[in-house]
$ cat structure.txt   # compact mmCIF, C-alpha atoms
# COMPACT_ATOMS: atom_id res chain seq x y z
CA MET B 587 -61.85 63.19 -17.25
CA ARG B 588 -64.10 63.78 -20.21
CA PRO B 589 -67.34 64.19 -18.22
CA TRP B 590 -65.48 66.65 -16.05
CA LEU B 591 -64.51 68.66 -19.08
CA VAL B 592 -68.05 68.74 -20.37
CA LEU B 593 -69.38 69.76 -17.00
CA ALA B 594 -66.71 72.39 -16.56
CA ALA B 595 -67.29 73.75 -20.05
CA ALA B 596 -71.00 73.95 -19.40
CA LEU B 597 -70.37 75.73 -16.11
CA VAL B 598 -67.89 78.15 -17.61
CA LEU B 599 -70.13 78.97 -20.50
CA SER B 600 -73.22 79.36 -18.35
CA ALA B 601 -71.17 81.48 -15.99
CA CYS B 602 -70.08 83.67 -18.87
CA ALA B 603 -73.65 83.92 -20.04
CA SER B 604 -74.70 85.04 -16.58
CA PHE B 605 -71.99 87.69 -16.58
CA ALA B 606 -73.34 89.01 -19.84
CA PRO B 607 -77.07 88.53 -19.52
CA PHE B 608 -77.90 90.89 -22.34
CA HIS B 609 -75.69 89.23 -24.88
CA ARG B 610 -77.62 89.03 -28.10
CA LEU B 611 -76.53 87.42 -31.29
CA PRO B 612 -76.13 89.87 -34.11
CA PRO B 613 -78.67 89.10 -36.80
CA LEU B 614 -77.37 86.32 -39.00
CA SER B 615 -77.38 87.56 -42.54
CA LEU B 616 -76.87 84.27 -44.28
CA GLY B 617 -77.52 84.21 -47.95
CA PRO B 618 -80.21 81.92 -49.30
CA GLU B 619 -77.46 79.63 -50.55
CA VAL B 620 -76.45 78.76 -46.98
CA PRO B 621 -78.25 75.61 -45.83
CA ALA B 622 -79.80 75.30 -42.36
CA GLN B 623 -77.22 72.72 -41.43
CA ALA B 624 -73.84 71.63 -42.67
CA ARG B 625 -70.97 69.42 -41.68
CA VAL B 626 -67.49 69.40 -43.17
CA GLY B 627 -66.70 65.90 -44.41
CA GLY B 628 -63.40 64.06 -44.62
CA LEU B 629 -61.96 65.51 -41.43
CA ARG B 630 -59.90 63.39 -39.09
CA PHE B 631 -60.01 64.49 -35.45
CA ILE B 632 -56.62 65.14 -33.85
CA PRO B 633 -56.82 65.41 -30.07
CA GLN B 634 -54.60 68.06 -28.54
CA GLU B 635 -51.74 67.57 -26.15
CA LEU B 636 -51.67 69.73 -23.02
CA TYR B 637 -51.82 73.43 -24.01
CA GLN B 638 -51.35 72.54 -27.65
CA CYS B 639 -54.74 73.26 -29.13
CA GLY B 640 -53.06 75.55 -31.68
CA PRO B 641 -50.91 72.85 -33.31
CA ALA B 642 -53.72 70.25 -33.20
CA THR B 643 -56.28 72.65 -34.68
CA LEU B 644 -53.98 73.84 -37.44
CA ALA B 645 -52.92 70.25 -38.20
CA MET B 646 -56.56 69.31 -38.82
CA ALA B 647 -57.17 72.36 -41.02
CA LEU B 648 -54.01 71.71 -43.04
CA ALA B 649 -54.87 68.02 -43.45
CA LYS B 650 -58.28 68.97 -44.79
CA ALA B 651 -56.61 71.38 -47.23
CA GLY B 652 -54.46 68.50 -48.48
CA ARG B 653 -51.24 68.89 -46.50
CA PRO B 654 -51.14 66.56 -43.49
CA VAL B 655 -48.51 67.68 -40.98
CA PRO B 656 -48.04 66.03 -37.58
CA ALA B 657 -49.21 68.29 -34.76
CA GLU B 658 -45.89 67.72 -32.95
CA ARG B 659 -44.09 69.16 -35.93
CA LEU B 660 -46.35 72.21 -35.97
CA ALA B 661 -45.69 72.67 -32.26
CA ASP B 662 -42.06 73.54 -33.12
CA GLU B 663 -43.39 76.30 -35.33
CA ILE B 664 -46.23 77.80 -33.36
CA TYR B 665 -46.09 76.71 -29.73
CA LEU B 666 -44.66 79.31 -27.36
CA PRO B 667 -43.59 77.53 -24.17
CA ALA B 668 -43.46 80.57 -21.87
CA ARG B 669 -47.02 81.53 -22.89
CA GLN B 670 -48.32 77.94 -22.86
CA GLY B 671 -50.06 78.60 -26.09
CA SER B 672 -49.84 79.80 -29.68
CA LEU B 673 -50.12 83.31 -31.11
CA GLN B 674 -52.50 84.17 -33.95
CA ALA B 675 -49.68 85.67 -36.04
CA GLU B 676 -47.76 82.41 -35.90
CA ILE B 677 -50.79 80.33 -36.85
CA LEU B 678 -51.04 82.55 -39.93
CA SER B 679 -47.33 82.37 -40.74
CA ALA B 680 -47.14 78.57 -40.30
CA THR B 681 -50.08 78.26 -42.71
CA ARG B 682 -48.29 80.42 -45.25
CA ARG B 683 -45.07 78.47 -44.82
CA ARG B 684 -46.98 75.41 -46.04
CA GLY B 685 -47.83 77.28 -49.24
CA PHE B 686 -51.44 78.14 -48.33
CA VAL B 687 -53.18 81.48 -48.13
CA ALA B 688 -54.00 82.19 -44.47
CA TYR B 689 -57.26 84.07 -44.87
CA PRO B 690 -58.66 85.81 -41.77
CA LEU B 691 -62.45 85.94 -41.91
CA ARG B 692 -64.65 88.95 -41.37
CA PRO B 693 -65.54 88.91 -37.64
CA ALA B 694 -69.09 87.67 -38.08
CA LEU B 695 -70.76 84.32 -37.41
CA ALA B 696 -72.23 84.38 -40.90
CA ALA B 697 -68.72 84.22 -42.36
CA VAL B 698 -67.83 81.17 -40.26
CA LEU B 699 -71.03 79.38 -41.23
CA ARG B 700 -70.67 80.19 -44.91
CA GLU B 701 -67.15 78.74 -44.96
CA VAL B 702 -68.33 75.60 -43.15
CA ALA B 703 -71.24 75.27 -45.56
CA ALA B 704 -68.74 75.46 -48.42
CA GLY B 705 -66.83 72.53 -46.90
CA THR B 706 -63.97 74.46 -45.31
CA PRO B 707 -63.31 74.03 -41.58
CA VAL B 708 -62.64 77.31 -39.74
CA VAL B 709 -59.95 77.90 -37.13
CA VAL B 710 -61.48 80.01 -34.36
CA LEU B 711 -60.05 81.59 -31.23
CA GLN B 712 -62.24 81.56 -28.14
CA ASP B 713 -61.81 82.90 -24.65
CA LEU B 714 -63.15 80.22 -22.32
CA GLY B 715 -61.99 82.00 -19.17
CA LEU B 716 -63.69 84.33 -16.78
CA PRO B 717 -63.65 88.11 -16.84
CA LEU B 718 -60.13 89.20 -15.82
CA LEU B 719 -58.95 85.60 -16.22
CA PRO B 720 -58.75 84.97 -19.95
CA ARG B 721 -58.17 81.44 -21.19
CA TRP B 722 -57.66 81.55 -24.93
CA HIS B 723 -58.36 78.44 -26.90
CA TYR B 724 -58.22 77.44 -30.57
CA ALA B 725 -60.81 75.12 -32.00
CA LEU B 726 -61.95 74.05 -35.45
CA ALA B 727 -65.53 74.83 -36.49
CA ILE B 728 -66.67 71.83 -38.53
CA GLY B 729 -70.44 72.05 -38.67
CA TYR B 730 -73.61 73.79 -37.55
CA GLU B 731 -77.31 73.29 -37.16
CA LEU B 732 -79.62 76.27 -37.39
CA VAL B 733 -82.96 75.37 -35.87
CA ARG B 734 -84.24 78.92 -36.19
CA ASP B 735 -86.87 78.46 -33.49
CA GLU B 736 -87.89 80.76 -30.62
CA GLN B 737 -85.39 79.34 -28.13
CA GLY B 738 -82.54 79.85 -30.58
CA ARG B 739 -81.10 76.40 -30.07
CA ASP B 740 -78.77 76.84 -32.99
CA GLU B 741 -75.61 74.86 -32.52
CA LEU B 742 -72.04 74.96 -33.72
CA LEU B 743 -69.94 71.79 -33.92
CA LEU B 744 -66.28 72.09 -33.04
CA HIS B 745 -63.30 69.79 -32.94
CA SER B 746 -62.07 71.26 -29.68
CA GLY B 747 -59.23 70.14 -27.45
CA THR B 748 -59.81 66.48 -26.66
CA GLN B 749 -63.46 66.61 -27.80
CA PRO B 750 -64.42 65.61 -31.32
CA ALA B 751 -67.54 67.32 -32.67
CA LEU B 752 -68.29 69.21 -29.45
CA ARG B 753 -71.72 70.85 -29.66
CA LEU B 754 -71.97 74.43 -28.44
CA GLY B 755 -74.99 76.69 -28.55
CA LEU B 756 -74.31 79.32 -31.17
CA ARG B 757 -75.00 82.05 -28.63
CA ALA B 758 -72.57 80.60 -26.06
CA PHE B 759 -69.96 80.15 -28.76
CA ASP B 760 -70.42 83.71 -29.95
CA ALA B 761 -69.92 85.01 -26.39
CA SER B 762 -66.61 83.16 -26.05
CA TRP B 763 -65.61 84.12 -29.58
CA ALA B 764 -66.46 87.80 -29.08
CA ARG B 765 -64.17 87.94 -26.04
CA ALA B 766 -61.33 86.75 -28.29
CA GLY B 767 -62.04 89.49 -30.83
CA ARG B 768 -64.09 87.19 -33.14
CA TRP B 769 -60.92 85.94 -34.77
CA ALA B 770 -61.24 83.22 -37.37
CA MET B 771 -59.21 82.05 -40.33
CA VAL B 772 -59.27 79.45 -43.07
CA VAL B 773 -56.45 77.57 -44.78
CA ALA B 774 -57.01 78.31 -48.47
CA PRO B 775 -55.24 76.44 -51.29
CA PRO B 776 -53.73 79.07 -53.62
CA GLY B 777 -55.83 77.89 -56.55
CA ARG B 778 -59.20 78.34 -54.85
CA LEU B 779 -60.80 81.45 -53.35
CA PRO B 780 -62.37 81.03 -49.90
CA ALA B 781 -66.17 81.16 -50.02
CA THR B 782 -66.19 84.49 -48.17
CA ALA B 783 -63.13 86.00 -49.89
CA GLU B 784 -63.24 89.76 -50.34
CA GLU B 785 -60.96 91.60 -52.69
CA ILE B 786 -58.75 93.70 -50.45
CA PRO B 787 -58.26 91.30 -47.51
CA TYR B 788 -57.65 88.38 -49.87
CA VAL B 789 -54.99 90.22 -51.85
CA GLU B 790 -53.41 91.33 -48.56
CA ALA B 791 -53.25 87.71 -47.42
CA VAL B 792 -51.52 86.78 -50.68
CA VAL B 793 -49.01 89.64 -50.33
CA ALA B 794 -48.09 88.13 -46.95
CA LEU B 795 -47.63 84.75 -48.63
CA GLU B 796 -45.33 86.20 -51.30
CA ARG B 797 -42.63 86.99 -48.77
CA ASN B 798 -41.65 83.38 -48.22
CA ARG B 799 -43.56 81.38 -50.83
CA PRO B 800 -43.49 83.23 -54.18
CA ALA B 801 -44.59 80.16 -56.18
CA ALA B 802 -47.75 79.67 -54.11
CA ALA B 803 -48.33 83.44 -54.09
CA ARG B 804 -48.12 83.55 -57.86
CA ARG B 805 -50.88 80.96 -58.16
CA ALA B 806 -52.96 82.81 -55.58
CA TYR B 807 -52.52 86.16 -57.38
CA ALA B 808 -53.72 84.48 -60.55
CA THR B 809 -56.71 83.15 -58.61
CA ALA B 810 -57.46 86.64 -57.26
CA LEU B 811 -57.16 88.19 -60.72
CA LYS B 812 -59.68 85.76 -62.17
CA ARG B 813 -62.27 87.24 -59.80
CA TRP B 814 -60.91 90.80 -59.63
CA PRO B 815 -59.00 91.42 -62.88
CA ALA B 816 -58.60 95.14 -62.14
CA ASN B 817 -56.78 94.72 -58.83
CA LEU B 818 -53.47 96.52 -59.25
CA ALA B 819 -51.70 95.03 -56.20
CA ALA B 820 -52.50 91.50 -57.37
CA ARG B 821 -51.34 92.28 -60.92
CA LEU B 822 -48.10 93.80 -59.62
CA GLY B 823 -47.69 90.86 -57.23
CA LEU B 824 -48.17 88.44 -60.12
CA GLY B 825 -45.26 90.18 -61.85
CA ASN B 826 -43.10 90.37 -58.74
CA SER B 827 -43.61 86.72 -57.83
CA ALA B 828 -42.87 85.64 -61.41
CA TYR B 829 -39.74 87.81 -61.28
CA ALA B 830 -38.70 86.23 -57.97
CA LEU B 831 -39.07 82.81 -59.60
CA GLY B 832 -36.92 83.84 -62.57
CA ASP B 833 -39.78 83.87 -65.09
CA TRP B 834 -38.94 87.05 -67.01
CA VAL B 835 -41.53 86.47 -69.70
CA GLY B 836 -44.34 86.02 -67.18
CA ALA B 837 -43.15 89.00 -65.16
CA GLU B 838 -42.96 91.25 -68.20
CA ALA B 839 -46.46 90.24 -69.30
CA ALA B 840 -47.87 91.01 -65.83
CA TYR B 841 -46.12 94.41 -65.58
CA ARG B 842 -47.24 95.37 -69.08
CA ARG B 843 -50.81 94.40 -68.31
CA ALA B 844 -50.65 96.36 -65.03
CA ALA B 845 -49.27 99.40 -66.87
CA ARG B 846 -51.89 99.08 -69.60
CA ASP B 847 -54.81 98.74 -67.17
CA HIS B 848 -53.42 101.33 -64.75
CA PRO B 849 -51.43 103.90 -66.78
CA ARG B 850 -50.84 105.98 -63.62
CA ALA B 851 -49.22 103.06 -61.77
CA GLY B 852 -45.63 104.16 -61.44
CA ASP B 853 -44.70 100.95 -59.64
CA ALA B 854 -45.66 98.83 -62.66
CA TRP B 855 -43.70 101.06 -65.06
CA ASN B 856 -40.73 101.11 -62.70
CA ASN B 857 -40.58 97.36 -62.32
CA LEU B 858 -41.07 96.88 -66.05
CA ALA B 859 -38.17 99.29 -66.66
CA GLN B 860 -35.96 97.43 -64.23
CA LEU B 861 -36.79 94.06 -65.77
CA LEU B 862 -36.16 95.31 -69.33
CA TYR B 863 -32.88 96.88 -68.23
CA GLU B 864 -31.76 93.58 -66.78
CA ARG B 865 -32.71 91.87 -70.05
CA ASP B 866 -30.52 94.45 -71.83
CA ARG B 867 -33.47 96.07 -73.64
CA ARG B 868 -32.26 99.60 -72.92
CA ALA B 869 -34.47 101.69 -75.18
CA GLU B 870 -37.66 100.05 -73.90
CA ALA B 871 -36.37 100.26 -70.34
CA LYS B 872 -35.78 103.99 -70.68
CA ALA B 873 -39.25 104.58 -72.10
CA ALA B 874 -40.82 102.64 -69.25
CA ALA B 875 -38.75 104.45 -66.60
CA GLN B 876 -39.83 107.77 -68.08
CA ARG B 877 -43.46 106.71 -67.79
CA ALA B 878 -42.83 105.82 -64.13
CA VAL B 879 -41.32 109.23 -63.42
CA ARG B 880 -44.15 110.95 -65.24
CA ALA B 881 -46.68 109.00 -63.19
CA GLY B 882 -45.02 110.23 -60.00
CA GLY B 883 -46.46 109.36 -56.62
CA PRO B 884 -44.94 108.56 -53.25
CA ARG B 885 -42.11 106.47 -54.71
CA LEU B 886 -41.01 109.02 -57.31
CA ALA B 887 -37.48 109.06 -55.88
CA ALA B 888 -37.12 105.36 -56.61
CA TYR B 889 -38.43 105.82 -60.15
CA ARG B 890 -35.92 108.63 -60.75
CA GLN B 891 -33.16 106.35 -59.55
CA THR B 892 -34.31 103.65 -61.95
CA LEU B 893 -34.36 106.17 -64.82
CA ALA B 894 -30.85 107.35 -63.96
CA GLU B 895 -29.68 103.76 -63.87
CA VAL B 896 -31.12 102.76 -67.24
CA GLN B 897 -29.74 105.93 -68.84
CA ALA B 898 -26.25 105.53 -67.40
CA PRO B 899 -23.51 104.62 -69.87
CA ARG B 900 -22.96 100.90 -70.07
CA PRO B 901 -20.16 99.83 -67.72
CA ALA B 902 -17.04 98.75 -69.57
CA SER B 903 -17.08 95.27 -68.13
CA ARG B 904 -19.95 93.49 -66.54
CA ARG B 905 -19.64 90.03 -65.16
CA MET A 196 -27.97 91.73 -67.30
CA LYS A 197 -28.56 88.33 -65.83
CA ALA A 198 -25.36 88.42 -63.79
CA ARG A 199 -26.52 91.58 -62.06
CA LEU A 200 -29.84 90.05 -61.09
CA ALA A 201 -28.15 86.84 -59.98
CA LYS A 202 -25.86 88.90 -57.78
CA TYR A 203 -28.80 90.79 -56.30
CA CYS A 204 -30.70 87.57 -55.64
CA GLY A 205 -27.52 86.15 -54.13
CA ILE A 206 -27.31 89.06 -51.73
CA MET A 207 -30.98 88.72 -50.86
CA GLY A 208 -30.52 85.00 -50.28
CA LEU A 209 -27.51 85.61 -48.09
CA ALA A 210 -29.38 88.29 -46.17
CA VAL A 211 -32.30 85.96 -45.58
CA ALA A 212 -29.93 83.17 -44.54
CA LEU A 213 -28.28 85.50 -42.06
CA GLY A 214 -31.62 86.58 -40.72
CA LEU A 215 -31.19 90.09 -42.06
CA SER A 216 -33.37 92.06 -44.35
CA LEU A 217 -31.62 94.09 -46.97
CA PRO A 218 -32.44 97.79 -46.73
CA SER A 219 -33.70 98.95 -50.10
CA ALA A 220 -31.28 101.85 -50.45
CA GLN A 221 -30.57 100.58 -53.94
CA ALA A 222 -33.97 101.00 -55.51
CA VAL A 223 -34.49 98.10 -57.84
CA MET A 224 -37.94 96.58 -57.75
CA ILE A 225 -40.90 97.96 -55.89
CA GLY A 226 -42.06 95.08 -53.73
CA THR A 227 -45.74 94.21 -53.62
CA GLN A 228 -45.89 94.81 -49.90
CA GLU A 229 -44.34 98.25 -50.35
CA ALA A 230 -46.65 99.09 -53.22
CA ALA A 231 -49.70 98.06 -51.23
CA ALA A 232 -48.74 99.95 -48.06
CA THR A 233 -49.18 103.60 -47.33
CA GLN A 234 -46.09 105.76 -47.38
CA ALA A 235 -46.17 106.18 -43.60
CA GLN A 236 -46.21 102.41 -43.16
CA VAL A 237 -43.30 102.03 -45.55
CA ASP A 238 -41.19 104.65 -43.79
CA ARG A 239 -41.85 103.13 -40.42
CA ALA A 240 -41.21 99.63 -41.67
CA LYS A 241 -37.92 100.59 -43.29
CA VAL A 242 -36.62 102.04 -40.08
CA SER A 243 -37.67 99.29 -37.77
CA ASP A 244 -38.28 96.07 -39.67
CA PHE A 245 -34.81 94.75 -39.08
CA LEU A 246 -34.89 95.64 -35.40
CA ASN A 247 -38.36 94.18 -34.93
CA ARG A 248 -37.39 90.87 -36.41
CA ALA A 249 -34.21 90.66 -34.34
CA SER A 250 -36.19 91.53 -31.24
CA VAL A 251 -38.86 88.90 -31.95
CA GLN A 252 -36.18 86.28 -32.50
CA GLU A 253 -34.57 87.17 -29.19
CA ARG A 254 -37.91 87.07 -27.36
CA LEU A 255 -38.89 83.72 -28.87
CA LEU A 256 -35.57 82.32 -27.70
CA ALA A 257 -36.09 83.73 -24.21
CA MET A 258 -39.61 82.25 -24.17
CA GLY A 259 -38.40 78.71 -24.67
CA VAL A 260 -38.21 78.31 -28.46
CA SER A 261 -35.05 76.59 -29.73
CA ALA A 262 -32.50 78.81 -31.51
CA PRO A 263 -32.98 77.49 -35.06
CA TRP A 264 -36.76 77.67 -34.77
CA ALA A 265 -36.65 81.14 -33.24
CA GLN A 266 -34.90 82.35 -36.37
CA VAL A 267 -37.20 80.55 -38.78
CA ARG A 268 -40.26 81.81 -36.94
CA ALA A 269 -39.10 85.42 -36.79
CA GLN A 270 -38.36 85.35 -40.51
CA ALA A 271 -41.73 83.85 -41.40
CA LEU A 272 -43.67 86.84 -40.08
CA THR A 273 -44.76 89.75 -42.22
CA ASP A 274 -43.38 93.16 -41.29
CA GLN A 275 -46.66 94.05 -39.56
CA GLU A 276 -46.74 90.80 -37.62
CA ALA A 277 -43.11 91.24 -36.57
CA ARG A 278 -43.92 94.75 -35.34
CA LEU A 279 -46.91 93.50 -33.38
CA LEU A 280 -44.99 90.67 -31.75
CA ALA A 281 -42.01 92.89 -30.99
CA GLN A 282 -44.33 95.16 -29.04
CA ARG A 283 -46.79 92.75 -27.46
CA ILE A 284 -45.55 89.16 -27.44
CA ASP A 285 -46.20 89.04 -23.67
CA SER A 286 -49.81 90.15 -23.85
CA LEU A 287 -51.23 88.97 -27.17
CA PRO A 288 -53.76 86.16 -26.86
CA ALA A 289 -51.96 82.82 -26.72
CA GLY A 290 -54.45 80.06 -27.42
CA GLY A 291 -53.53 77.13 -25.22
CA ASN A 292 -56.20 75.36 -23.34
CA LEU A 293 -56.88 74.54 -19.79
CA SER A 294 -55.32 71.60 -18.03
CA THR A 295 -57.81 69.36 -16.24
CA THR A 296 -56.93 70.98 -12.91
CA GLU A 297 -57.64 74.40 -14.34
CA TRP A 298 -60.94 73.22 -15.76
CA ILE A 299 -61.98 72.03 -12.30
CA LEU A 300 -60.75 75.24 -10.71
CA VAL A 301 -62.65 77.33 -13.23
CA GLY A 302 -65.70 75.16 -12.64
CA VAL A 303 -65.51 75.72 -8.89
CA ILE A 304 -65.11 79.46 -9.38
CA ALA A 305 -68.10 79.42 -11.70
CA ILE A 306 -70.21 77.62 -9.10
CA LEU A 307 -69.10 80.07 -6.41
CA ALA A 308 -69.84 82.98 -8.68
CA ALA A 309 -73.26 81.55 -9.48
CA VAL A 310 -73.98 81.06 -5.77
CA VAL A 311 -72.82 84.57 -4.86
CA ILE A 312 -74.82 86.16 -7.65

$ encode --input "structure.txt" --output "structure tokens"
Amino acid sequence: MRPWLVLAAALVLSACASFAPFHRLPPLSLGPEVPAQARVGGLRFIPQELYQCGPATLAMALAKAGRPVPAERLADEIYLPARQGSLQAEILSATRRRGFVAYPLRPALAAVLREVAAGTPVVVLQDLGLPLLPRWHYALAIGYELVRDEQGRDELLLHSGTQPALRLGLRAFDASWARAGRWAMVVAPPGRLPATAEEIPYVEAVVALERNRPAAARRAYATALKRWPANLAARLGLGNSAYALGDWVGAEAAYRRAARDHPRAGDAWNNLAQLLYERDRRAEAKAAAQRAVRAGGPRLAAYRQTLAEVQAPRPASRR
Amino acid sequence: MKARLAKYCGIMGLAVALGLSLPSAQAVMIGTQEAAATQAQVDRAKVSDFLNRASVQERLLAMGVSAPWAQVRAQALTDQEARLLAQRIDSLPAGGNLSTTEWILVGVIAILAAVVI
């Protein structure tokens, strides 16, 4: 069976190449810190079951990040029987449910290679089908070799389907990857920024994590703020996740810092007011709510409501 | 006071357990997601988030996911993801892989295509 797969893969890929004869790799803008070859160590290969490349690929990435989960268990969470496959959104959400930041990479080969060089395997989506007959497939990029010669025999190594360390020409891979929208993601522990992390997409990925895993999100916000201390969303998220975890002191500190660094941030003042009100610090709460209303912005109505609430006479009895 | 917050968290917990999302008619905290989104996104999300999630849960169930997992999976999505799946769960890329038969079939088609071209 395996020789058949190799042959078929070669045929498919050569066929695709012939359908797109003018496919050129975009210039690889790898920094000088990226070596000519790399291989992620400490990775155990998990062969996929029929149609279940999603669960197997994610299981390998999670295991590398320190959270081994059986692929069968992940299948419950991301396999969609009627589609005989897994959706990208569910790969991301299952990653978050394990307390990791699911960080989608910039759609460029350089990003994939830089992550691999930093020791992080990359989940990639390929389309191995033919034009008009897509066959989407998840694989894990685990290494590469850049020969940088005239023929461009650069290779990418993938744990793919039933094949450990499958070697694909970088150009052939890029063709299959481009047809799947050049989608790639890494499983990032909340305490460590991905090698290619950028401010806005990283904070967005953490906001998504906060919904179900506030404790992990709180650590990831702190990680983001170490690199980008002026990011308002991360600072507010640090407060909100602390609040969700019942840490009033931590939440208050984060809101105050957000309000100090961003005096026009009504959201920070509003949430600070609400927190102080709940801690029965009425005078401070009122001052903060007034700052929120003065700051204005699209959520002014909510700030006004907060101000009205903190100014209202104390109810006679409160449980 | 603490009791008030506990009550609010209790309601939120109940809502999550029931697979509902509490509409934020009672403005308390500005959520990070809300703060980070544009106003248009927030308005749209408020109107349809609940419906999207319910719809995704229903579709997952119809597509062969067990009832408890359908609920867990619908809840695990962000608002944007829930909106995307509610609209396009039938057509979004679903990474599976080819069975051996399909591989051979694709291979044969590739050979034919190569011959024809």

$ interface_residues --input "structure.txt" --of "chain B" --to "chain A" --cutoff "7 Å" --atoms "only C-alpha atoms" --output "ChimeraX atom specification"
/B:591,594,597-598,601,636-640,662-663,666-673,675,679,711,721-724,793-794,798,819,822-823,826,853,857,860,864-866,884,888,891-892,905

$ write_last_selection --input "structure.txt" --atoms "C-alpha atoms" --output "tab-separated table (two decimals), in the coordinates of the input"
chain	number	residue	atom	x	y	z
B	591	LEU	CA	-64.51	68.66	-19.08
B	594	ALA	CA	-66.71	72.39	-16.56
B	597	LEU	CA	-70.37	75.73	-16.11
B	598	VAL	CA	-67.89	78.15	-17.61
B	601	ALA	CA	-71.17	81.48	-15.99
B	636	LEU	CA	-51.67	69.73	-23.02
B	637	TYR	CA	-51.82	73.43	-24.01
B	638	GLN	CA	-51.35	72.54	-27.65
B	639	CYS	CA	-54.74	73.26	-29.13
B	640	GLY	CA	-53.06	75.55	-31.68
B	662	ASP	CA	-42.06	73.54	-33.12
B	663	GLU	CA	-43.39	76.30	-35.33
B	666	LEU	CA	-44.66	79.31	-27.36
B	667	PRO	CA	-43.59	77.53	-24.17
B	668	ALA	CA	-43.46	80.57	-21.87
B	669	ARG	CA	-47.02	81.53	-22.89
B	670	GLN	CA	-48.32	77.94	-22.86
B	671	GLY	CA	-50.06	78.60	-26.09
B	672	SER	CA	-49.84	79.80	-29.68
B	673	LEU	CA	-50.12	83.31	-31.11
B	675	ALA	CA	-49.68	85.67	-36.04
B	679	SER	CA	-47.33	82.37	-40.74
B	711	LEU	CA	-60.05	81.59	-31.23
B	721	ARG	CA	-58.17	81.44	-21.19
B	722	TRP	CA	-57.66	81.55	-24.93
B	723	HIS	CA	-58.36	78.44	-26.90
B	724	TYR	CA	-58.22	77.44	-30.57
B	793	VAL	CA	-49.01	89.64	-50.33
B	794	ALA	CA	-48.09	88.13	-46.95
B	798	ASN	CA	-41.65	83.38	-48.22
B	819	ALA	CA	-51.70	95.03	-56.20
B	822	LEU	CA	-48.10	93.80	-59.62
B	823	GLY	CA	-47.69	90.86	-57.23
B	826	ASN	CA	-43.10	90.37	-58.74
B	853	ASP	CA	-44.70	100.95	-59.64
B	857	ASN	CA	-40.58	97.36	-62.32
B	860	GLN	CA	-35.96	97.43	-64.23
B	864	GLU	CA	-31.76	93.58	-66.78
B	865	ARG	CA	-32.71	91.87	-70.05
B	866	ASP	CA	-30.52	94.45	-71.83
B	884	PRO	CA	-44.94	108.56	-53.25
B	888	ALA	CA	-37.12	105.36	-56.61
B	891	GLN	CA	-33.16	106.35	-59.55
B	892	THR	CA	-34.31	103.65	-61.95
B	905	ARG	CA	-19.64	90.03	-65.16

$ residues_around --input "structure.txt" --residues "Leu660 of chain B" --least-positions-apart "6" --cutoff "9 Å" --atoms "only C-alpha atoms" --output "JSON, numbers by chain"
{"B": [640, 641, 642, 644, 645, 680]}

$ closest_residue --input "structure.txt" --among "B:Pro693, B:Gly747, B:Gly777, B:Gly715" --to "Thr643 of chain B" --atoms "all atoms listed in the file"
B:Gly747

$ residues_around --input "structure.txt" --residues "Ala816 of chain B" --least-positions-apart "4" --cutoff "12 Å" --atoms "all atoms listed in the file" --output "list in words"
Glu785, Ile786, Val789, Tyr807, Ala808, Ala810, Leu811, Lys812, Ala820, Arg821, Leu822, Arg843, Ala844, Ala845, Arg846, Asp847 and His848 of chain B

$ atom_distance --input "structure.txt" --atom1 "atom CA of Ala875 of chain B" --atom2 "atom CA of Ala828 of chain B"
19.9 Å

$ residues_around --input "structure.txt" --residues "Pro776 of chain B" --least-positions-apart "4" --cutoff "7 Å" --atoms "only C-alpha atoms" --output "VMD selection string"
chain B and resid 686 to 687 802 to 803 805 to 806

$ closest_residue --input "structure.txt" --among "B:Pro690, B:Pro707, B:Gly628, B:Gly883" --to "Ala647 of chain B" --atoms "all atoms listed in the file"
B:Pro707

$ atom_distance --input "structure.txt" --atom1 "atom CA of Val733 of chain B" --atom2 "atom CA of Val773 of chain B"
28.1 Å
